[in-house]
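To be precise, the following lines are start35.cif, and they hold mmCIF, C-alpha atoms.
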data_protein
loop_
_atom_site.label_atom_id
_atom_site.label_comp_id
_atom_site.auth_asym_id
_atom_site.auth_seq_id
_atom_site.Cartn_x
_atom_site.Cartn_y
_atom_site.Cartn_z
CA GLN A 5 0.00 0.00 0.00
CA GLY A 6 3.02 2.30 0.11
CA PRO A 7 4.14 4.52 2.99
CA GLN A 8 1.69 4.89 5.87
CA TRP A 9 1.56 7.39 8.72
CA LEU A 10 1.58 6.23 12.32
CA THR A 11 -0.32 8.88 14.25
CA VAL A 12 -1.31 9.26 17.88
CA PRO A 13 -4.79 10.73 18.42
CA VAL A 14 -4.62 13.72 20.74
CA GLN A 15 -6.82 16.12 22.68
CA PHE A 16 -5.72 19.68 23.39
CA GLN A 17 -6.71 23.32 23.32
CA PHE A 18 -4.67 25.48 20.95
CA PRO A 19 -2.14 26.81 21.76
CA ALA A 20 -0.72 24.10 24.00
CA LEU A 21 2.76 23.02 24.91
CA ILE A 22 3.54 19.43 23.91
CA ILE A 23 3.71 18.57 27.62
CA GLU A 24 0.04 19.63 27.86
CA VAL A 25 -1.22 17.51 24.92
CA ALA A 26 -3.24 14.50 26.09
CA ILE A 27 -3.76 11.27 24.19
CA ASN A 28 -7.31 10.42 23.20
CA PRO A 29 -7.98 7.31 25.33
CA SER A 30 -10.94 6.14 23.22
CA ASP A 31 -8.85 5.39 20.11
CA PRO A 32 -7.10 1.98 19.90
CA TRP A 33 -4.05 3.55 18.23
CA ARG A 34 -1.48 1.27 19.92
CA ARG A 35 -3.17 -1.85 18.53
CA LYS A 36 -3.46 -0.22 15.06
CA HIS A 37 0.22 0.75 15.05
CA LEU A 38 1.40 -2.72 16.04
CA GLN A 39 -0.89 -4.40 13.50
CA GLY A 40 0.32 -2.02 10.79
CA LEU A 41 3.96 -2.71 11.61
CA LYS A 42 3.36 -6.47 11.58
CA ALA A 43 1.43 -6.32 8.31
CA ASN A 44 4.14 -4.28 6.59
CA TYR A 45 7.32 -5.68 8.15
CA ALA A 46 6.71 -9.26 9.34
CA ARG A 47 8.85 -10.45 6.42
CA ALA A 48 11.54 -7.81 6.88
CA PRO A 49 15.02 -9.22 7.55
CA HIS A 50 15.21 -7.88 11.12
CA TRP A 51 11.58 -7.99 12.27
CA ALA A 52 12.21 -10.91 14.63
CA GLU A 53 14.99 -8.99 16.43
CA TYR A 54 12.70 -6.06 17.28
CA GLU A 55 9.22 -7.59 17.49
CA ALA A 56 9.32 -8.08 21.27
CA GLY A 57 10.52 -4.48 21.68
CA PHE A 58 7.58 -3.19 19.64
CA GLU A 59 5.15 -5.33 21.60
CA ALA A 60 6.53 -3.98 24.89
CA PHE A 61 6.46 -0.42 23.58
CA TYR A 62 2.82 -0.65 22.48
CA ALA A 63 1.80 -2.44 25.69
CA SER A 64 2.79 0.71 27.60
CA GLU A 65 0.19 3.22 28.74
CA TRP A 66 0.80 6.92 28.33
CA ASP A 67 -1.41 9.87 29.19
CA GLY A 68 0.40 12.49 27.16
CA LEU A 69 2.03 12.93 23.80
CA ALA A 70 5.32 14.10 25.34
CA ALA A 71 5.71 10.76 27.14
CA VAL A 72 5.06 8.79 23.92
CA ASN A 73 7.55 10.96 22.05
CA ARG A 74 10.22 10.46 24.68
CA ALA A 75 9.64 6.69 24.78
CA SER A 76 9.87 6.43 20.98
CA VAL A 77 13.07 8.52 20.89
CA GLU A 78 14.60 6.34 23.61
CA PHE A 79 13.58 3.16 21.73
CA LEU A 80 15.21 4.38 18.51
CA ARG A 81 18.24 5.84 20.30
CA ASP A 82 18.94 2.44 21.85
CA ALA A 83 18.21 0.47 18.68
CA LEU A 84 20.51 2.73 16.61
CA ASP A 85 23.32 2.70 19.21
CA ILE A 86 23.13 6.45 19.77
CA GLU A 87 24.77 7.45 23.03
CA THR A 88 23.62 11.07 23.19
CA PRO A 89 21.83 11.71 26.48
CA LEU A 90 18.32 13.14 26.34
CA ALA A 91 17.47 16.50 27.87
CA LEU A 92 14.00 18.02 28.09
CA ALA A 93 13.49 21.69 27.30
CA SER A 94 10.55 21.64 29.71
CA GLU A 95 13.04 21.02 32.53
CA MET A 96 15.29 23.96 31.58
CA GLU A 97 15.07 27.67 32.36
CA LEU A 98 14.63 29.17 28.89
CA SER A 99 13.84 32.51 27.35
CA SER A 100 10.52 32.90 25.54
CA GLU A 101 12.28 34.79 22.70
CA PRO A 102 12.78 32.15 19.96
CA THR A 103 16.46 32.66 19.09
CA GLN A 104 17.50 33.22 22.71
CA ARG A 105 15.58 30.05 23.61
CA LEU A 106 17.74 28.05 21.17
CA ILE A 107 20.88 29.65 22.61
CA ASP A 108 19.72 28.85 26.15
CA ILE A 109 19.22 25.19 25.20
CA CYS A 110 22.69 25.02 23.64
CA LYS A 111 24.24 26.52 26.76
CA ALA A 112 22.26 24.22 29.09
CA VAL A 113 23.60 21.09 27.37
CA GLY A 114 27.13 22.40 26.84
CA ALA A 115 26.92 22.65 23.04
CA ASP A 116 29.27 24.84 21.01
CA THR A 117 27.33 24.42 17.73
CA TYR A 118 23.62 24.63 16.90
CA LEU A 119 22.46 22.37 14.06
CA ALA A 120 19.81 24.36 12.20
CA GLY A 121 17.30 23.27 9.63
CA VAL A 122 17.75 24.28 6.00
CA ASP A 123 15.73 27.49 6.48
CA GLY A 124 17.31 28.34 9.84
CA LYS A 125 18.78 31.63 8.62
CA SER A 126 15.28 32.90 7.90
CA TYR A 127 14.03 32.56 11.48
CA MET A 128 17.11 33.04 13.66
CA ASP A 129 18.99 36.14 14.76
CA LEU A 130 22.50 35.11 13.73
CA ASP A 131 24.07 38.03 15.64
CA LEU A 132 22.73 36.62 18.92
CA PHE A 133 24.42 33.30 18.18
CA ALA A 134 27.69 35.09 17.38
CA ALA A 135 27.47 37.11 20.62
CA ALA A 136 26.94 33.85 22.54
CA GLN A 137 29.99 32.34 20.79
CA LEU A 138 27.93 29.55 19.27
CA GLU A 139 28.61 28.22 15.80
CA ILE A 140 25.71 27.36 13.50
CA ALA A 141 25.73 24.46 11.06
CA VAL A 142 22.97 23.85 8.55
CA GLN A 143 21.62 20.35 8.31
CA ASN A 144 21.92 19.09 4.78
CA TYR A 145 20.89 15.47 5.10
CA GLU A 146 20.93 13.27 2.01
CA SER A 147 18.97 10.09 2.59
CA PRO A 148 21.21 7.11 1.87
CA THR A 149 19.73 4.24 -0.07
CA TYR A 150 19.45 0.85 1.58
CA PRO A 151 17.66 -2.40 0.73
CA GLN A 152 13.94 -2.20 1.43
CA LEU A 153 11.39 -4.97 1.64
CA HIS A 154 8.89 -3.62 -0.88
CA GLY A 155 10.49 -2.96 -4.26
CA GLU A 156 11.83 0.41 -5.44
CA PHE A 157 13.61 2.50 -2.80
CA VAL A 158 11.49 5.14 -1.06
CA SER A 159 13.51 7.77 0.81
CA HIS A 160 12.63 9.73 3.95
CA LEU A 161 10.65 6.98 5.66
CA SER A 162 10.79 6.43 9.39
CA ALA A 163 13.96 5.15 11.02
CA LEU A 164 11.83 2.06 11.73
CA ASP A 165 11.96 1.16 8.04
CA LEU A 166 15.74 1.37 8.08
CA LEU A 167 15.99 -0.55 11.35
CA LEU A 168 13.75 -3.41 10.25
CA ASN A 169 15.47 -3.74 6.88
CA CYS A 170 19.10 -3.27 7.97
CA GLY A 171 19.22 -4.11 11.68
CA PRO A 172 22.52 -3.42 13.48
CA ASP A 173 23.97 -1.55 10.47
CA SER A 174 21.17 1.05 10.63
CA GLY A 175 22.98 3.62 12.77
CA LYS A 176 25.99 3.64 10.44
CA ILE A 177 23.73 3.92 7.38
CA LEU A 178 21.71 6.73 8.98
CA ARG A 179 24.83 8.75 9.87
CA SER A 180 26.24 8.36 6.34
CA GLY A 181 23.66 10.86 5.08
CA ARG A 182 25.03 13.78 7.16
CA LYS A 183 26.36 16.58 4.99
CA ASN A 184 26.15 19.50 7.46
CA ARG A 185 27.76 22.80 6.50
CA PRO A 186 28.63 25.86 8.60
CA ILE A 187 26.78 29.16 8.08
#
For this file, produce the structure as structure tokens.
Amino acid sequence: QGPQWLTVPVQFQFPALIIEVAINPSDPWRRKHLQGLKANYARAPHWAEYEAGFEAFYASEWDGLAAVNRASVEFLRDALDIETPLALASEMELSSEPTQRLIDICKAVGADTYLAGVDGKSYMDLDLFAAAQLEIAVQNYESPTYPQLHGEFVSHLSALDLLLNCGPDSGKILRSGRKNRPI
């Protein structure tokens, strides 16, 4: 059927912080996600290695979207052998001014470089970064090709697709697409 979205049904009042976004308890989204993954990846080369992890993940109960996000990031961080510790912005003292907020986050985690999206220059005050002695690099990710289960290669799918098709080599493959450049 081609690429499919895995979405979590939420309930919130706009504007809300992600920490304030609740999950709609009446939707059986966990069962749908797990069934969708099984239907699409049961024959993938590395499904058996991760099936129990998916079952444990989807057996968990979460009240809020932030908790689901954190759990999914931790799952993928571990599966991809990423050692970077997680830090929550909600637990930091941050400015409400957008650029200063990014600088505050960098300072809080001891970063000397901020990795910006492709359009970062259009929304950031670069002088504030310079004054804070923080470098800026622009993310220029080029999706590497890898063997996929279902025919012609489709780029920019979830890291789950990479993981289930390539297993332990996934982290190395994922990192090979980094082509960051300084501003």
Edge lengths and centre in Å to one decimal, as AutoDock Vina command-line options, of the axis-aligned box that encloses all listed atoms of stretch 42-48 of chain A with 5 Å added on every side?
--center_x 6.5 --center_y -7.4 --center_z 9.0 --size_x 20.1 --size_y 16.2 --size_z 15.2
So how far away is atom CA of A:Ala70 from atom CA of A:Ser30, in Å?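 Taking atom CA of A:Ser30 and atom CA of A:Ala70, their separation equals 18.2 Å.
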I'd like to see the residues matched by the PyMOL selection byres ((chain A and resi 174) around 12) on this file, and ideally I'd get them as an mmCIF file with C-alpha atoms, in the coordinates of the input.
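Saved the output as out37.cif:
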data_model
loop_
_atom_site.group_PDB
_atom_site.id
_atom_site.type_symbol
_atom_site.label_atom_id
_atom_site.label_comp_id
_atom_site.auth_asym_id
_atom_site.auth_seq_id
_atom_site.Cartn_x
_atom_site.Cartn_y
_atom_site.Cartn_z
ATOM 1 C CA HIS A 50 15.210 -7.880 11.120
ATOM 2 C CA LEU A 80 15.210 4.380 18.510
ATOM 3 C CA ARG A 81 18.240 5.840 20.300
ATOM 4 C CA ASP A 82 18.940 2.440 21.850
ATOM 5 C CA ALA A 83 18.210 0.470 18.680
ATOM 6 C CA LEU A 84 20.510 2.730 16.610
ATOM 7 C CA ASP A 85 23.320 2.700 19.210
ATOM 8 C CA ILE A 86 23.130 6.450 19.770
ATOM 9 C CA PRO A 148 21.210 7.110 1.870
ATOM 10 C CA THR A 149 19.730 4.240 -0.070
ATOM 11 C CA TYR A 150 19.450 0.850 1.580
ATOM 12 C CA PRO A 151 17.660 -2.400 0.730
ATOM 13 C CA SER A 162 10.790 6.430 9.390
ATOM 14 C CA ALA A 163 13.960 5.150 11.020
ATOM 15 C CA LEU A 164 11.830 2.060 11.730
ATOM 16 C CA ASP A 165 11.960 1.160 8.040
ATOM 17 C CA LEU A 166 15.740 1.370 8.080
ATOM 18 C CA LEU A 167 15.990 -0.550 11.350
ATOM 19 C CA LEU A 168 13.750 -3.410 10.250
ATOM 20 C CA ASN A 169 15.470 -3.740 6.880
ATOM 21 C CA CYS A 170 19.100 -3.270 7.970
ATOM 22 C CA GLY A 171 19.220 -4.110 11.680
ATOM 23 C CA PRO A 172 22.520 -3.420 13.480
ATOM 24 C CA ASP A 173 23.970 -1.550 10.470
ATOM 25 C CA GLY A 175 22.980 3.620 12.770
ATOM 26 C CA LYS A 176 25.990 3.640 10.440
ATOM 27 C CA ILE A 177 23.730 3.920 7.380
ATOM 28 C CA LEU A 178 21.710 6.730 8.980
ATOM 29 C CA ARG A 179 24.830 8.750 9.870
ATOM 30 C CA SER A 180 26.240 8.360 6.340
ATOM 31 C CA GLY A 181 23.660 10.860 5.080
#
How many Å lie between atom CA of A:Trp33 and atom CA of A:Val14, rounded to one decimal?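 Between these atoms lies a distance of 10.5 Å.
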Top pick for closest residue to A:Lys36, considering A:Glu59, A:Asp131, A:Glu53, A:Glu156 and counting all atoms listed in the file: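 Closest candidate: A:Glu59.
Residues with any atom within 12 Å of A:Leu130, counting only C-alpha atoms and excluding same-chain neighbours fewer than 3 positions away, are Pro102, Thr103, Gln104, Leu106, Ile107, Tyr118, Ala120, Gly124, Lys125, Ser126, Tyr127, Phe133, Ala134, Ala135, Ala136, Gln137, Leu138, Glu139, Ile140, Ala141 and Ile187 of chain A.
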Limited to C-alpha atoms, could you put the picked residues into a file as a PDB file, in the coordinates of the input?
ATOM      1  CA  PRO A 102      12.780  32.150  19.960  1.00  0.00           C
ATOM      2  CA  THR A 103      16.460  32.660  19.090  1.00  0.00           C
ATOM      3  CA  GLN A 104      17.500  33.220  22.710  1.00  0.00           C
ATOM      4  CA  LEU A 106      17.740  28.050  21.170  1.00  0.00           C
ATOM      5  CA  ILE A 107      20.880  29.650  22.610  1.00  0.00           C
ATOM      6  CA  TYR A 118      23.620  24.630  16.900  1.00  0.00           C
ATOM      7  CA  ALA A 120      19.810  24.360  12.200  1.00  0.00           C
ATOM      8  CA  GLY A 124      17.310  28.340   9.840  1.00  0.00           C
ATOM      9  CA  LYS A 125      18.780  31.630   8.620  1.00  0.00           C
ATOM     10  CA  SER A 126      15.280  32.900   7.900  1.00  0.00           C
ATOM     11  CA  TYR A 127      14.030  32.560  11.480  1.00  0.00           C
ATOM     12  CA  PHE A 133      24.420  33.300  18.180  1.00  0.00           C
ATOM     13  CA  ALA A 134      27.690  35.090  17.380  1.00  0.00           C
ATOM     14  CA  ALA A 135      27.470  37.110  20.620  1.00  0.00           C
ATOM     15  CA  ALA A 136      26.940  33.850  22.540  1.00  0.00           C
ATOM     16  CA  GLN A 137      29.990  32.340  20.790  1.00  0.00           C
ATOM     17  CA  LEU A 138      27.930  29.550  19.270  1.00  0.00           C
ATOM     18  CA  GLU A 139      28.610  28.220  15.800  1.00  0.00           C
ATOM     19  CA  ILE A 140      25.710  27.360  13.500  1.00  0.00           C
ATOM     20  CA  ALA A 141      25.730  24.460  11.060  1.00  0.00           C
ATOM     21  CA  ILE A 187      26.780  29.160   8.080  1.00  0.00           C
TER      22      ILE A 187
END
Apply the PyMOL selection byres ((chain A and resi 26) around 6) to the structure shown and report the selected residues as a ChimeraX atom specification. /A:14-15,25,27,67-69
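Residue nearest A:Ala56, chosen from A:Cys110, A:Leu38, A:Asn44, A:Leu98 and counting all atoms listed in the file: A:Leu38.
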Pick from A:Ala112, A:Ala43, A:Leu10, A:Ala60, whichever lies nearest to A:Ser99 using all atoms listed in the file: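 Residue with the minimum atom-to-atom distance to A:Ser99: A:Ala112.
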Rounded to one decimal place, report the atom CA of A:Gly6-atom CA of A:His160 distance in Å. 12.7 Å
Target residues per the PyMOL selection byres ((chain A and resi 32) around 12), formatted as a list in words: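 Applied to this file, the PyMOL selection byres ((chain A and resi 32) around 12) selects Thr11, Val12, Pro13, Ile27, Asn28, Pro29, Ser30, Asp31, Trp33, Arg34, Arg35, Lys36, His37, Leu38, Gln39, Tyr62, Ala63 and Glu65 of chain A.
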Hey, which of A:Val122, A:Leu41, A:Gln8, A:Val77 ends up closest to A:Leu92? Count all atoms listed in the file. A:Val77
Within 12 Å of A:Ala91, counting only C-alpha atoms, which residues show up once you throw out same-chain ones fewer than 2 positions away? Write them as a PDB file with C-alpha atoms, in the frame of the given file, please.
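Result saved to out-v2.pdb:
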ATOM      1  CA  ARG A  74      10.220  10.460  24.680  1.00  0.00           C
ATOM      2  CA  VAL A  77      13.070   8.520  20.890  1.00  0.00           C
ATOM      3  CA  GLU A  78      14.600   6.340  23.610  1.00  0.00           C
ATOM      4  CA  THR A  88      23.620  11.070  23.190  1.00  0.00           C
ATOM      5  CA  PRO A  89      21.830  11.710  26.480  1.00  0.00           C
ATOM      6  CA  ALA A  93      13.490  21.690  27.300  1.00  0.00           C
ATOM      7  CA  SER A  94      10.550  21.640  29.710  1.00  0.00           C
ATOM      8  CA  GLU A  95      13.040  21.020  32.530  1.00  0.00           C
ATOM      9  CA  MET A  96      15.290  23.960  31.580  1.00  0.00           C
ATOM     10  CA  ILE A 109      19.220  25.190  25.200  1.00  0.00           C
ATOM     11  CA  CYS A 110      22.690  25.020  23.640  1.00  0.00           C
ATOM     12  CA  ALA A 112      22.260  24.220  29.090  1.00  0.00           C
ATOM     13  CA  VAL A 113      23.600  21.090  27.370  1.00  0.00           C
ATOM     14  CA  GLY A 114      27.130  22.400  26.840  1.00  0.00           C
TER      15      GLY A 114
END
Between A:Tyr145, A:Phe157, A:Trp51, A:Phe79, single out the one closest to A:Arg182, counting only C-alpha atoms. A:Tyr145
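With distances restricted to all atoms listed in the file, A:Leu119 is the closest residue to A:Arg185 from A:Gly155, A:Leu119, A:Tyr45, A:Ala52.
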